[in-house]
Structure formats: C-alpha cells, structure tokens
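Heads up, data32.pdb below (PDB, C-alpha atoms and all ligand atoms):
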```
ATOM      1  CA  MET E 715     -13.680 -11.431  13.261
ATOM      2  CA  THR E 716     -11.749  -8.222  12.529
ATOM      3  CA  LYS E 717     -10.452  -7.417   9.047
ATOM      4  CA  ALA E 718      -6.931  -7.905  10.380
ATOM      5  CA  THR E 719      -7.870 -11.422  11.486
ATOM      6  CA  SER E 720      -9.354 -12.197   8.075
ATOM      7  CA  LEU E 721      -6.219 -10.868   6.346
ATOM      8  CA  ARG E 722      -4.065 -13.191   8.483
ATOM      9  CA  ARG E 723      -6.403 -16.093   7.715
ATOM     10  CA  ALA E 724      -6.343 -15.362   3.981
ATOM     11  CA  MET E 725      -2.527 -15.498   4.020
ATOM     12  CA  ALA E 726      -2.546 -18.754   5.992
ATOM     13  CA  GLU E 727      -5.191 -20.418   3.825
ATOM     14  CA  ARG E 728      -4.290 -19.102   0.369
ATOM     15  CA  GLY E 729      -0.530 -18.827   0.800
ATOM     16  CA  LEU E 730      -0.373 -15.494  -1.012
ATOM     17  CA  VAL E 731      -2.632 -12.429  -0.917
ATOM     18  CA  HIS E 732      -2.882  -9.766  -3.617
ATOM     19  CA  VAL E 733      -3.095  -6.186  -2.382
ATOM     20  CA  MET E 734      -3.842  -3.349  -4.825
ATOM     21  CA  ALA E 735      -2.621   0.213  -4.370
ATOM     22  CA  THR E 736      -5.260   2.895  -3.886
ATOM     23  CA  HIS E 737      -5.332   6.684  -3.614
ATOM     24  CA  SER E 738      -9.065   7.273  -3.134
ATOM     25  CA  PRO E 739     -12.292   5.515  -2.181
ATOM     26  CA  LEU E 740     -13.174   5.201  -5.877
ATOM     27  CA  SER E 741      -9.950   3.351  -6.695
ATOM     28  CA  ALA E 742     -10.525   1.169  -3.618
ATOM     29  CA  ILE E 743     -14.097   0.302  -4.658
ATOM     30  CA  LEU E 744     -12.856  -0.693  -8.121
ATOM     31  CA  ALA E 745     -10.080  -2.820  -6.595
ATOM     32  CA  GLU E 746     -12.574  -4.591  -4.339
ATOM     33  CA  GLN E 747     -14.901  -5.265  -7.257
ATOM     34  CA  ALA E 748     -11.992  -6.667  -9.279
ATOM     35  CA  GLY E 749     -11.345  -9.255  -6.547
ATOM     36  CA  PHE E 750      -8.250  -8.163  -4.628
ATOM     37  CA  ASP E 751      -7.699  -9.460  -1.087
ATOM     38  CA  GLY E 752      -6.689  -6.119   0.367
ATOM     39  CA  LEU E 753      -5.911  -2.467  -0.315
ATOM     40  CA  TRP E 754      -2.598  -0.618  -0.067
ATOM     41  CA  ALA E 755      -3.093   2.943   1.163
ATOM     42  CA  SER E 756      -0.096   4.145  -0.800
ATOM     43  CA  GLY E 757       1.957   7.228  -0.001
ATOM     44  CA  PHE E 758       3.308   7.357  -3.538
ATOM     45  CA  GLU E 759      -0.189   7.313  -5.033
ATOM     46  CA  LEU E 760      -1.602  10.023  -2.782
ATOM     47  CA  SER E 761       1.480  12.196  -3.384
ATOM     48  CA  ALA E 762       1.062  11.760  -7.141
ATOM     49  CA  LEU E 763      -2.641  12.555  -6.822
ATOM     50  CA  TYR E 764      -1.608  15.919  -5.354
ATOM     51  CA  GLY E 765       0.970  16.360  -8.128
ATOM     52  CA  LEU E 766       3.786  16.120  -5.583
ATOM     53  CA  PRO E 767       6.819  13.852  -5.251
ATOM     54  CA  ASP E 768       6.661  11.087  -2.635
ATOM     55  CA  MET E 769       9.135  12.728  -0.243
ATOM     56  CA  SER E 770       7.259  13.204   3.052
ATOM     57  CA  LEU E 771       5.453  16.266   1.658
ATOM     58  CA  ILE E 772       1.965  14.819   2.171
ATOM     59  CA  SER E 773       0.984  15.088   5.833
ATOM     60  CA  MET E 774      -0.178  12.269   8.067
ATOM     61  CA  THR E 775      -3.541  14.034   8.324
ATOM     62  CA  GLN E 776      -3.992  14.023   4.542
ATOM     63  CA  HIS E 777      -3.052  10.345   4.311
ATOM     64  CA  ILE E 778      -5.297   9.313   7.206
ATOM     65  CA  GLU E 779      -8.214  11.233   5.694
ATOM     66  CA  MET E 780      -7.791   9.187   2.513
ATOM     67  CA  LEU E 781      -7.601   5.950   4.489
ATOM     68  CA  ARG E 782     -10.659   6.783   6.597
ATOM     69  CA  ALA E 783     -12.660   7.597   3.477
ATOM     70  CA  ILE E 784     -11.571   4.300   1.873
ATOM     71  CA  ALA E 785     -12.467   2.345   5.014
ATOM     72  CA  GLY E 786     -15.933   3.892   4.913
ATOM     73  CA  ARG E 787     -16.634   2.674   1.372
ATOM     74  CA  THR E 788     -15.015  -0.773   1.196
ATOM     75  CA  SER E 789     -14.950  -3.985   3.197
ATOM     76  CA  LEU E 790     -11.390  -5.066   2.383
ATOM     77  CA  PRO E 791      -8.533  -4.910   4.911
ATOM     78  CA  ILE E 792      -6.309  -1.872   4.399
ATOM     79  CA  VAL E 793      -2.520  -2.050   4.639
ATOM     80  CA  ALA E 794      -1.358   1.463   5.490
ATOM     81  CA  ASP E 795       1.879   2.806   4.047
ATOM     82  CA  VAL E 796       3.021   5.007   6.942
ATOM     83  CA  ASP E 797       6.476   5.648   5.456
ATOM     84  CA  THR E 798       8.901   6.182   8.364
ATOM     85  CA  GLY E 799       6.090   6.453  10.922
ATOM     86  CA  TYR E 800       6.438  10.264  10.686
ATOM     87  CA  GLY E 801       9.446  10.490  13.000
ATOM     88  CA  ASN E 802      10.834   8.498  15.912
ATOM     89  CA  ALA E 803       9.258   5.802  18.119
ATOM     90  CA  ILE E 804       7.112   8.409  19.873
ATOM     91  CA  ASN E 805       5.663   9.480  16.523
ATOM     92  CA  VAL E 806       5.096   5.789  15.714
ATOM     93  CA  ILE E 807       2.940   5.379  18.827
ATOM     94  CA  HIS E 808       0.702   8.227  17.662
ATOM     95  CA  THR E 809       0.762   6.917  14.070
ATOM     96  CA  VAL E 810      -0.336   3.368  14.925
ATOM     97  CA  ARG E 811      -3.050   4.609  17.296
ATOM     98  CA  GLU E 812      -4.484   6.957  14.679
ATOM     99  CA  TYR E 813      -4.239   4.582  11.695
ATOM    100  CA  GLU E 814      -5.838   1.710  13.574
ATOM    101  CA  ARG E 815      -8.627   4.018  14.701
ATOM    102  CA  ALA E 816      -9.117   5.210  11.107
ATOM    103  CA  GLY E 817      -9.645   1.636   9.875
ATOM    104  CA  ALA E 818      -6.236   0.183   8.949
ATOM    105  CA  SER E 819      -5.590  -3.536   9.488
ATOM    106  CA  ALA E 820      -1.829  -3.285   9.058
ATOM    107  CA  VAL E 821       0.952  -0.720   8.909
ATOM    108  CA  VAL E 822       4.144  -0.901   6.902
ATOM    109  CA  ILE E 823       6.915   1.126   8.568
ATOM    110  CA  GLU E 824      10.160   1.627   6.657
ATOM    111  CA  ASP E 825      13.659   2.013   8.099
ATOM    112  CA  LYS E 826      14.521   5.199   6.197
ATOM    113  CA  SER E 827      15.125   8.440   8.058
ATOM    114  CA  PHE E 828      12.500  11.196   7.981
ATOM    115  CA  PRO E 829      11.996  12.909   5.562
ATOM    116  CA  LYS E 830      12.181   9.952   3.175
ATOM    117  CA  VAL E 831      12.967   9.902  -0.520
ATOM    118  CA  THR E 832      10.756   7.793  -2.765
ATOM    119  CA  SER E 833      12.294   4.318  -3.142
ATOM    120  CA  LEU E 834      12.310   4.066  -6.931
ATOM    121  CA  ALA E 835      14.301   7.306  -7.413
ATOM    122  CA  VAL E 836      17.414   6.144  -9.260
ATOM    123  CA  ASP E 837      19.832   8.583  -7.634
ATOM    124  CA  GLY E 838      17.908   9.225  -4.393
ATOM    125  CA  HIS E 839      19.780   9.600  -1.088
ATOM    126  CA  HIS E 840      18.295   6.799   0.951
ATOM    127  CA  ASP E 841      19.503   7.237   4.526
ATOM    128  CA  LEU E 842      18.522   4.483   6.935
ATOM    129  CA  VAL E 843      18.099   4.889  10.688
ATOM    130  CA  ARG E 844      20.206   2.716  13.020
ATOM    131  CA  THR E 845      18.940  -0.854  13.400
ATOM    132  CA  GLU E 846      18.429  -0.398  17.177
ATOM    133  CA  GLU E 847      16.439   2.773  16.608
ATOM    134  CA  PHE E 848      14.163   0.958  14.143
ATOM    135  CA  GLN E 849      13.740  -1.957  16.548
ATOM    136  CA  GLY E 850      12.440   0.601  19.065
ATOM    137  CA  LYS E 851       9.950   1.852  16.475
ATOM    138  CA  ILE E 852       8.704  -1.696  15.794
ATOM    139  CA  GLU E 853       8.365  -2.383  19.513
ATOM    140  CA  ALA E 854       6.459   0.893  19.958
ATOM    141  CA  ALA E 855       4.071  -0.088  17.143
ATOM    142  CA  LEU E 856       3.463  -3.541  18.629
ATOM    143  CA  ALA E 857       2.807  -2.156  22.098
ATOM    144  CA  THR E 858       0.318   0.365  20.692
ATOM    145  CA  ARG E 859      -1.949  -1.809  18.508
ATOM    146  CA  SER E 860      -5.218  -2.664  20.199
ATOM    147  CA  ASP E 861      -6.188  -5.587  17.937
ATOM    148  CA  PRO E 862      -3.551  -8.309  18.451
ATOM    149  CA  ASP E 863      -4.114  -9.363  14.816
ATOM    150  CA  PHE E 864      -3.285  -5.869  13.490
ATOM    151  CA  LEU E 865      -0.129  -6.470  11.460
ATOM    152  CA  VAL E 866       3.082  -4.553  12.024
ATOM    153  CA  ILE E 867       5.153  -5.000   8.880
ATOM    154  CA  ALA E 868       8.799  -3.888   8.973
ATOM    155  CA  ARG E 869      10.082  -2.642   5.628
ATOM    156  CA  THR E 870      13.781  -2.600   5.049
ATOM    157  CA  GLU E 871      15.181  -0.286   2.427
ATOM    158  CA  ALA E 872      18.681  -1.748   2.684
ATOM    159  CA  LEU E 873      18.645  -2.976  -0.936
ATOM    160  CA  ILE E 874      17.162   0.318  -2.120
ATOM    161  CA  ALA E 875      20.003   2.145  -0.323
ATOM    162  CA  GLY E 876      22.574  -0.110  -2.046
ATOM    163  CA  LEU E 877      23.775  -1.643   1.232
ATOM    164  CA  GLY E 878      23.605  -5.209  -0.060
ATOM    165  CA  GLU E 879      21.914  -8.457   0.884
ATOM    166  CA  GLU E 880      23.887  -9.119   4.068
ATOM    167  CA  GLU E 881      22.786  -5.782   5.564
ATOM    168  CA  ALA E 882      19.195  -6.416   4.429
ATOM    169  CA  LEU E 883      19.208  -9.870   6.039
ATOM    170  CA  SER E 884      20.775  -8.635   9.240
ATOM    171  CA  ARG E 885      18.217  -5.826   9.544
ATOM    172  CA  ALA E 886      15.330  -8.198   8.744
ATOM    173  CA  ARG E 887      16.554 -10.574  11.468
ATOM    174  CA  ALA E 888      16.772  -7.694  13.950
ATOM    175  CA  TYR E 889      13.256  -6.534  13.067
ATOM    176  CA  GLU E 890      11.920 -10.073  13.526
ATOM    177  CA  GLN E 891      13.638 -10.153  16.905
ATOM    178  CA  ALA E 892      11.840  -6.892  17.790
ATOM    179  CA  GLY E 893       8.528  -8.672  17.077
ATOM    180  CA  ALA E 894       7.599  -7.617  13.517
ATOM    181  CA  ASP E 895       4.857  -9.772  11.973
ATOM    182  CA  MET E 896       6.307  -9.669   8.448
ATOM    183  CA  ILE E 897       9.265  -8.208   6.552
ATOM    184  CA  LEU E 898       8.714  -6.104   3.439
ATOM    185  CA  ILE E 899      11.802  -6.369   1.265
ATOM    186  CA  HIS E 900      11.915  -3.700  -1.434
ATOM    187  CA  SER E 901      14.100  -3.520  -4.545
ATOM    188  CA  LYS E 902      14.375  -1.024  -7.371
ATOM    189  CA  LYS E 903      16.280  -3.364  -9.672
ATOM    190  CA  GLN E 904      14.512  -3.941 -12.970
ATOM    191  CA  HIS E 905      14.791  -7.704 -12.658
ATOM    192  CA  PRO E 906      13.677  -9.815  -9.692
ATOM    193  CA  GLY E 907      17.126 -11.324  -8.997
ATOM    194  CA  GLU E 908      17.716  -9.310  -5.824
ATOM    195  CA  ILE E 909      14.335 -10.320  -4.385
ATOM    196  CA  GLU E 910      14.692 -13.991  -5.386
ATOM    197  CA  SER E 911      18.121 -14.098  -3.792
ATOM    198  CA  PHE E 912      16.875 -12.443  -0.572
ATOM    199  CA  SER E 913      13.894 -14.790  -0.403
ATOM    200  CA  LYS E 914      16.155 -17.850  -0.767
ATOM    201  CA  ALA E 915      18.591 -16.542   1.838
ATOM    202  CA  TRP E 916      15.892 -15.524   4.347
ATOM    203  CA  ASP E 917      16.314 -17.739   7.406
ATOM    204  CA  GLY E 918      13.756 -16.071   9.648
ATOM    205  CA  ASP E 919      10.397 -17.518  10.706
ATOM    206  CA  ILE E 920       8.196 -14.618   9.642
ATOM    207  CA  PRO E 921       7.003 -14.310   6.026
ATOM    208  CA  LEU E 922       7.881 -11.689   3.438
ATOM    209  CA  VAL E 923       5.990  -8.988   1.568
ATOM    210  CA  ILE E 924       7.095  -7.682  -1.826
ATOM    211  CA  VAL E 925       6.193  -4.713  -4.028
ATOM    212  CA  PRO E 926       7.082  -5.658  -7.624
ATOM    213  CA  ASN E 927       6.943  -2.131  -9.042
ATOM    214  CA  ALA E 928      10.401  -2.116 -10.611
ATOM    215  CA  TYR E 929      10.440  -5.815 -11.611
ATOM    216  CA  PRO E 930       6.877  -6.448 -12.893
ATOM    217  CA  GLU E 931       7.698  -9.701 -14.676
ATOM    218  CA  LEU E 932       7.686 -11.661 -11.408
ATOM    219  CA  SER E 933       4.458 -13.685 -11.762
ATOM    220  CA  SER E 934       2.221 -14.993  -8.968
ATOM    221  CA  ASP E 935       3.296 -18.571  -9.710
ATOM    222  CA  HIS E 936       6.933 -17.598  -9.433
ATOM    223  CA  ILE E 937       6.270 -15.704  -6.189
ATOM    224  CA  ARG E 938       4.474 -18.732  -4.730
ATOM    225  CA  ALA E 939       7.332 -20.988  -5.767
ATOM    226  CA  LEU E 940       9.753 -18.898  -3.707
ATOM    227  CA  GLY E 941       7.823 -20.226  -0.709
ATOM    228  CA  ASN E 942       8.099 -17.518   1.947
ATOM    229  CA  ILE E 943       6.305 -14.536   0.360
ATOM    230  CA  ARG E 944       2.727 -14.202   1.658
ATOM    231  CA  MET E 945       1.723 -10.750   0.376
ATOM    232  CA  VAL E 946       2.278  -8.967  -2.908
ATOM    233  CA  ILE E 947       1.488  -5.259  -3.095
ATOM    234  CA  TYR E 948       0.871  -3.730  -6.534
ATOM    235  CA  GLY E 949       2.358  -0.475  -5.375
ATOM    236  CA  ASN E 950       1.700   2.209  -7.986
ATOM    237  CA  TYR E 951      -0.674   0.581 -10.441
ATOM    238  CA  ALA E 952      -3.902   2.426  -9.573
ATOM    239  CA  ILE E 953      -2.462   5.900 -10.074
ATOM    240  CA  ARG E 954      -0.627   4.814 -13.226
ATOM    241  CA  ALA E 955      -3.824   3.291 -14.615
ATOM    242  CA  ALA E 956      -5.779   6.463 -13.779
ATOM    243  CA  ALA E 957      -3.093   8.760 -15.207
ATOM    244  CA  THR E 958      -2.828   6.647 -18.373
ATOM    245  CA  ALA E 959      -6.595   6.784 -18.955
ATOM    246  CA  MET E 960      -6.856  10.528 -18.239
ATOM    247  CA  LYS E 961      -3.844  11.396 -20.378
ATOM    248  CA  ASP E 962      -5.190   9.409 -23.315
ATOM    249  CA  THR E 963      -8.720  10.782 -22.972
ATOM    250  CA  PHE E 964      -7.664  14.426 -22.606
ATOM    251  CA  HIS E 965      -5.431  14.230 -25.687
ATOM    252  CA  ARG E 966      -8.197  12.640 -27.720
ATOM    253  CA  VAL E 967     -10.688  15.370 -26.738
ATOM    254  CA  ILE E 968      -8.249  18.062 -27.900
ATOM    255  CA  ALA E 969      -7.408  16.143 -31.085
ATOM    256  CA  ASP E 970     -11.087  15.481 -31.913
ATOM    257  CA  GLY E 971     -12.193  19.008 -31.002
ATOM    258  CA  GLY E 972     -14.813  17.662 -28.592
ATOM    259  CA  VAL E 973     -16.052  14.598 -26.711
ATOM    260  CA  GLN E 974     -18.097  13.154 -29.586
ATOM    261  CA  HIS E 975     -15.796  10.118 -30.063
ATOM    262  CA  VAL E 976     -14.107   9.632 -26.734
ATOM    263  CA  HIS E 977     -17.285   9.081 -24.737
ATOM    264  CA  ARG E 978     -17.777   5.652 -26.310
ATOM    265  CA  SER E 979     -14.681   4.230 -24.654
ATOM    266  CA  LEU E 980     -15.446   5.611 -21.187
ATOM    267  CA  LEU E 981     -17.581   4.168 -18.391
ATOM    268  CA  PRO E 982     -21.117   5.500 -18.777
ATOM    269  CA  VAL E 983     -22.393   7.876 -16.112
ATOM    270  CA  ASP E 984     -24.806   5.176 -14.893
ATOM    271  CA  GLU E 985     -21.799   3.080 -13.956
ATOM    272  CA  ILE E 986     -20.358   6.012 -11.976
ATOM    273  CA  PHE E 987     -23.760   6.356 -10.250
ATOM    274  CA  ARG E 988     -23.464   2.701  -9.198
ATOM    275  CA  LEU E 989     -19.940   3.279  -7.852
ATOM    276  CA  GLN E 990     -21.283   6.253  -5.894
ATOM    277  CA  GLY E 991     -24.053   4.182  -4.306
ATOM    278  CA  MET E 992     -26.827   6.223  -5.923
ATOM    279  CA  GLU E 993     -29.267   3.288  -5.830
ATOM    280  CA  ASP E 994     -29.235   3.230  -2.018
ATOM    281  CA  VAL E 995     -29.777   6.966  -1.851
ATOM    282  CA  ARG E 996     -32.718   6.764  -4.245
ATOM    283  CA  ALA E 997     -34.277   4.057  -2.058
ATOM    284  CA  ASP E 998     -33.784   6.273   1.017
ATOM    285  CA  GLU E 999     -35.344   9.183  -0.813
ATOM    286  CA  ARG E1000     -38.436   7.132  -1.595
ATOM    287  CA  ARG E1001     -38.668   6.022   2.005
ATOM    288  CA  TYR E1002     -37.935   9.183   3.953
ATOM    289  CA  LEU E1003     -38.456  12.272   1.799
ATOM    290  CA  ARG E1004     -42.046  13.402   2.069
TER     291      ARG E1004
HETATM  292  C1  LIG E1101       4.081   3.340  -2.202
HETATM  293  O1  LIG E1101       3.237   2.885  -2.986
HETATM  294  O2  LIG E1101       3.955   4.428  -1.642
HETATM  295  C2  LIG E1101       5.286   2.557  -1.900
HETATM  296  C3  LIG E1101       5.808   1.639  -2.915
HETATM  297  O3  LIG E1101       5.839   2.728  -0.838
HETATM  298  S1  LIG E1101       7.094   2.447  -3.764
HETATM  299  O4  LIG E1101       6.575   3.675  -4.319
HETATM  300  O5  LIG E1101       7.587   1.542  -4.798
HETATM  301  O6  LIG E1101       8.152   2.719  -2.806
HETATM  302 MG    MG E1102       5.299   4.557   0.071
END
```
Could I get this file's structure written as structure tokens?
Ligand code: SPV
Ligand code: MG
Amino acid sequence: MTKATSLRRAMAERGLVHVMATHSPLSAILAEQAGFDGLWASGFELSALYGLPDMSLISMTQHIEMLRAIAGRTSLPIVADVDTGYGNAINVIHTVREYERAGASAVVIEDKSFPKVTSLAVDGHHDLVRTEEFQGKIEAALATRSDPDFLVIARTEALIAGLGEEEALSRARAYEQAGADMILIHSKKQHPGEIESFSKAWDGDIPLVIVPNAYPELSSDHIRALGNIRMVIYGNYAIRAAATAMKDTFHRVIADGGVQHVHRSLLPVDEIFRLQGMEDVRADERRYLR
C-alpha cells in the first residue's frame, strides 16, 4: 500500500485527518512522534526559515530538497504545498512529476497567479487565474500522477481575494468537474464564519480541506460536525513554535549573561542524538568499523 493509499484510507476510516506543517526533517520527525496523520510541506514555513516572505521567492528546487529530506526521515504521507504549481499547466506537469518522485503523496495547487502573495497578508494583491486555466492545471496534474491514489487538491483563494462565497463555490464546482480529489478552501478572517458558511453551502461530492491559521478557535469536534471536511492542515504552527522557542531562549541567554539557567528548560543533547538516529549509527559502527 502506498502512503497516498493509506492517507485516503485514514480519511475514509477516521473522518478527519490532522496534518502538521513542517519546514525540515527535524520538525517532521517531531510531528510524527506527536501522532499526526500527515505532514504539510509548507511554502510559508520554508520561506520563513530562509527569513524571506512567502511570495514565490523560494525556488521549486529548494522546496523539493526539503520534501525529499523529510521523506527520507519519516514514514508519514506528505502533502506538498506547491503554491501555483510554479507557472502554467506545463509547469504543473513538471511539478507533479518531480514532487511525486521526491516522495509526496498529495499536492495542493492554488488558483492564484504566479508569483503569488502569501494568503494571510491583510492588504495583499491576490490575483486569481481564470477558472478555465486552473481547470487545465488540475487536469494536467491528474494526467501526470503515476499513483492513482496520489491526491490532487485544488485550493481556491477566492475568499482570500475578497471575491465572495458565490465565486468560491463556482470555482470549487469547476475544479471538481476537472477531476480534483478535494477542495482546499482558505480564509484569512479571524473567525471561522466564512469557512462554516462555505462548508454548509458546498454541494459538491468531493470533501474539503481547511487551514485554520487565521481562525484557530475552530476545534476538531466543530470541524467534524460540519460533516464534509476530511483534512485539517495546521499551516504555520511548526515555524511559529520554533521561532517562539528560539526567541525566548536567545533573550534569556543575553539576560542571564550565559546558558547556566536556560539549559534546564531545553531538550538535552541525548534527546537530539535520538532524533538524529545516533543509536543506529553506533550499532553500525560496532558492526562494520574494524
Ligand atoms: C503554507 O503553509 O504555506 C500555506 C498556508 O499555504 S498559509 O500560509 O496560511 O497560506
Ligand atoms: Mg503556502
């Protein structure tokens, strides 16, 4: 069974899967150990890791390198955030081929034009491509996947662009017609009303994916109760957790004039050794190094 097949099964059996954002193999290993069902290879997180805004500045090569490294160190299915697919339908063909080969089980392609502006930017200019053009990109992705269970998730940014629910619904219907496996509906409103309303109005047969970054109070129970959401992606939580911990630690070291206090609240180095797989290497050393 491929990881894509197991991701589909998990959604069918459990009703809702929890996918944590990652920006590195280390964050992915920690997410797997915590018990998530899948990993989100986030564009926002990798951009932030490089100290850059999430505006198509990180290359596909950089993002794929991250994903390949994650796939090599974890067993969870990876949902790849491929932004706009790096261009038109021809670029999407190359994108899907390369991401599947690198170890992705799903791609999320958004209907913004390239270069994109990060969705949560309050005053960002979110230009969407024509619906027909995006249908072509979805069809290109579907025709390219080699595993039939590899998920092609169409993300509409209609609500993000302020185009309203009717436009979002009409685009979602068109993307379902093009063959998309799921619809990711994104919102930057600080309350879940827009998402709840879309979910209730959604009359398609394919399920929804949400990314509750802007409206974190939407609980799992509430999401389940909406009935047609099968995947929740915690879209920027790994990089925010890492940045919070580093910021706090670095300030304390400066304030304390050294690491004499701060070390007590950090993971011990032995724990980092475990995350690095040192035990296996030591066993190999004993066996092979003579
Ligand atoms: C990401 O994590 O890169 C996303 C989610 O696409 S968001 O940043 O909220 O658009
Ligand atoms: Mg993104």
For range 793-810 of chain E, work out the shell of residues within 9 Å, counting all atoms listed in the file and skipping chain neighbours fewer than 5 positions away, then give it as a compact mmCIF listing (two decimals) with C-alpha atoms, keeping the file's coordinate frame.
```
# COMPACT_ATOMS: atom_id res chain seq x y z
CA VAL E 733 -3.10 -6.19 -2.38
CA GLY E 752 -6.69 -6.12 0.37
CA LEU E 753 -5.91 -2.47 -0.32
CA TRP E 754 -2.60 -0.62 -0.07
CA ALA E 755 -3.09 2.94 1.16
CA SER E 756 -0.10 4.14 -0.80
CA GLY E 757 1.96 7.23 0.00
CA PHE E 758 3.31 7.36 -3.54
CA SER E 770 7.26 13.20 3.05
CA SER E 773 0.98 15.09 5.83
CA MET E 774 -0.18 12.27 8.07
CA HIS E 777 -3.05 10.34 4.31
CA ILE E 778 -5.30 9.31 7.21
CA LEU E 781 -7.60 5.95 4.49
CA ARG E 815 -8.63 4.02 14.70
CA ALA E 818 -6.24 0.18 8.95
CA SER E 819 -5.59 -3.54 9.49
CA ALA E 820 -1.83 -3.28 9.06
CA VAL E 821 0.95 -0.72 8.91
CA VAL E 822 4.14 -0.90 6.90
CA ILE E 823 6.92 1.13 8.57
CA GLU E 824 10.16 1.63 6.66
CA ASP E 825 13.66 2.01 8.10
CA LYS E 826 14.52 5.20 6.20
CA SER E 827 15.12 8.44 8.06
CA PHE E 828 12.50 11.20 7.98
CA PRO E 829 12.00 12.91 5.56
CA LYS E 830 12.18 9.95 3.18
CA GLU E 847 16.44 2.77 16.61
CA PHE E 848 14.16 0.96 14.14
CA GLY E 850 12.44 0.60 19.07
CA LYS E 851 9.95 1.85 16.48
CA ILE E 852 8.70 -1.70 15.79
CA GLU E 853 8.36 -2.38 19.51
CA ALA E 854 6.46 0.89 19.96
CA ALA E 855 4.07 -0.09 17.14
CA LEU E 856 3.46 -3.54 18.63
CA ALA E 857 2.81 -2.16 22.10
CA THR E 858 0.32 0.36 20.69
CA ARG E 859 -1.95 -1.81 18.51
CA LEU E 865 -0.13 -6.47 11.46
```
Checklist line | Shell around Gly786 in chain E at 12 Å using only C-alpha atoms, local window under 4 positions removed, as a count of residues only | finding: 15
Checklist line | E:Pro862, E:Pro930, E:Gly949, E:Pro906 ranked by distance to ligand MG 1102 (chain E), top pick (using all atoms listed in the file) | finding: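 Among E:Pro862, E:Pro930, E:Gly949, E:Pro906, it is E:Gly949 that comes nearest to ligand MG 1102 (chain E).
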Show me which residues sit within 10 Å of ligand LIG 1101 (chain E) when counting all atoms listed in the file, and put them as a CSV table (one decimal) with C-alpha atoms, in the coordinates of the input.
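Dumped everything to pocket02.csv:
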```
chain,number,residue,atom,x,y,z
E,734,MET,CA,-3.8,-3.3,-4.8
E,735,ALA,CA,-2.6,0.2,-4.4
E,736,THR,CA,-5.3,2.9,-3.9
E,737,HIS,CA,-5.3,6.7,-3.6
E,754,TRP,CA,-2.6,-0.6,-0.1
E,755,ALA,CA,-3.1,2.9,1.2
E,756,SER,CA,-0.1,4.1,-0.8
E,757,GLY,CA,2.0,7.2,0.0
E,758,PHE,CA,3.3,7.4,-3.5
E,759,GLU,CA,-0.2,7.3,-5.0
E,760,LEU,CA,-1.6,10.0,-2.8
E,761,SER,CA,1.5,12.2,-3.4
E,762,ALA,CA,1.1,11.8,-7.1
E,768,ASP,CA,6.7,11.1,-2.6
E,769,MET,CA,9.1,12.7,-0.2
E,794,ALA,CA,-1.4,1.5,5.5
E,795,ASP,CA,1.9,2.8,4.0
E,796,VAL,CA,3.0,5.0,6.9
E,797,ASP,CA,6.5,5.6,5.5
E,822,VAL,CA,4.1,-0.9,6.9
E,823,ILE,CA,6.9,1.1,8.6
E,824,GLU,CA,10.2,1.6,6.7
E,831,VAL,CA,13.0,9.9,-0.5
E,832,THR,CA,10.8,7.8,-2.8
E,833,SER,CA,12.3,4.3,-3.1
E,834,LEU,CA,12.3,4.1,-6.9
E,835,ALA,CA,14.3,7.3,-7.4
E,869,ARG,CA,10.1,-2.6,5.6
E,871,GLU,CA,15.2,-0.3,2.4
E,874,ILE,CA,17.2,0.3,-2.1
E,900,HIS,CA,11.9,-3.7,-1.4
E,901,SER,CA,14.1,-3.5,-4.5
E,902,LYS,CA,14.4,-1.0,-7.4
E,924,ILE,CA,7.1,-7.7,-1.8
E,925,VAL,CA,6.2,-4.7,-4.0
E,926,PRO,CA,7.1,-5.7,-7.6
E,927,ASN,CA,6.9,-2.1,-9.0
E,928,ALA,CA,10.4,-2.1,-10.6
E,947,ILE,CA,1.5,-5.3,-3.1
E,948,TYR,CA,0.9,-3.7,-6.5
E,949,GLY,CA,2.4,-0.5,-5.4
E,950,ASN,CA,1.7,2.2,-8.0
E,951,TYR,CA,-0.7,0.6,-10.4
E,952,ALA,CA,-3.9,2.4,-9.6
E,953,ILE,CA,-2.5,5.9,-10.1
```
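The space separating CA of Pro982 in chain E from CA of Leu763 in chain E comes to 23.1 Å.
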Check: If you measure from CA of Ala888 in chain E to CA of Leu922 in chain E, what distance in Å do you get, rounded to one decimal?
Finding: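 CA of Leu922 in chain E lies 14.3 Å from CA of Ala888 in chain E.
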Check: Evaluating the PyMOL selection byres (((chain E and resi 976-978) around 7) and not hetatm) on the displayed file yields which residues, as a ChimeraX atom specification?
Finding: /E:963,966-967,973-975,979-980
Check: Could you state the separation of CA of Val731 in chain E and CA of Tyr764 in chain E in Å, given to one decimal place?
Finding: 28.7 Å
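Nearest to Thr716 in chain E of all the residues E:Leu940, E:His905, E:Leu877, E:Ser789 is E:Ser789, based on only C-alpha atoms.
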Checklist line | Evaluate the PyMOL selection byres (((chain E and resi 890) around 12) and not hetatm) and report residues as a PyMOL selection string | finding: chain E and resi 845+848-849+852-853+856+866-870+883-889+891-898+916-922
Item checked: Cut-off 9 Å around (-0.2, -11.7, -7.3) with only C-alpha atoms: residues as a ChimeraX atom specification -> /E:730-733,932-935,937-938,945-948
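Counting only C-alpha atoms and comparing E:Ser741, E:Thr719, E:Thr775, E:Asn942, the residue that lies closest to Gln990 in chain E is E:Ser741.
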If I wrap all listed atoms of range 909-915 of chain E in a box with edges along x, y and z and add 3 Å on each side, what are its centre and edge lengths in Å to one decimal, as AutoDock Vina command-line options?
```
--center_x 16.2 --center_y -14.1 --center_z -1.8 --size_x 10.7 --size_y 13.5 --size_z 13.2
```
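When all atoms listed in the file are used to compute distances to ligand MG 1102 (chain E), the closest of the residues E:Ala718, E:Ala745, E:Ile772, E:Ala882 turns out to be E:Ile772.
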Notebook entry, point to check: From the set E:Ile986, E:Leu771, E:Ala726, E:Met960, which residue has the shortest atom-to-atom contact distance to ligand MG 1102 (chain E), counting all atoms listed in the file?
Noted result: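 Closest candidate: E:Leu771.
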Next item on the list: May I ask which of the residues E:Leu1003, E:Ile943, E:Glu931, E:Asp998 is the closest one to Ser913 in chain E, counting all atoms listed in the file?
Entry: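 Of E:Leu1003, E:Ile943, E:Glu931, E:Asp998, the one nearest Ser913 in chain E is E:Ile943, counting all atoms listed in the file.
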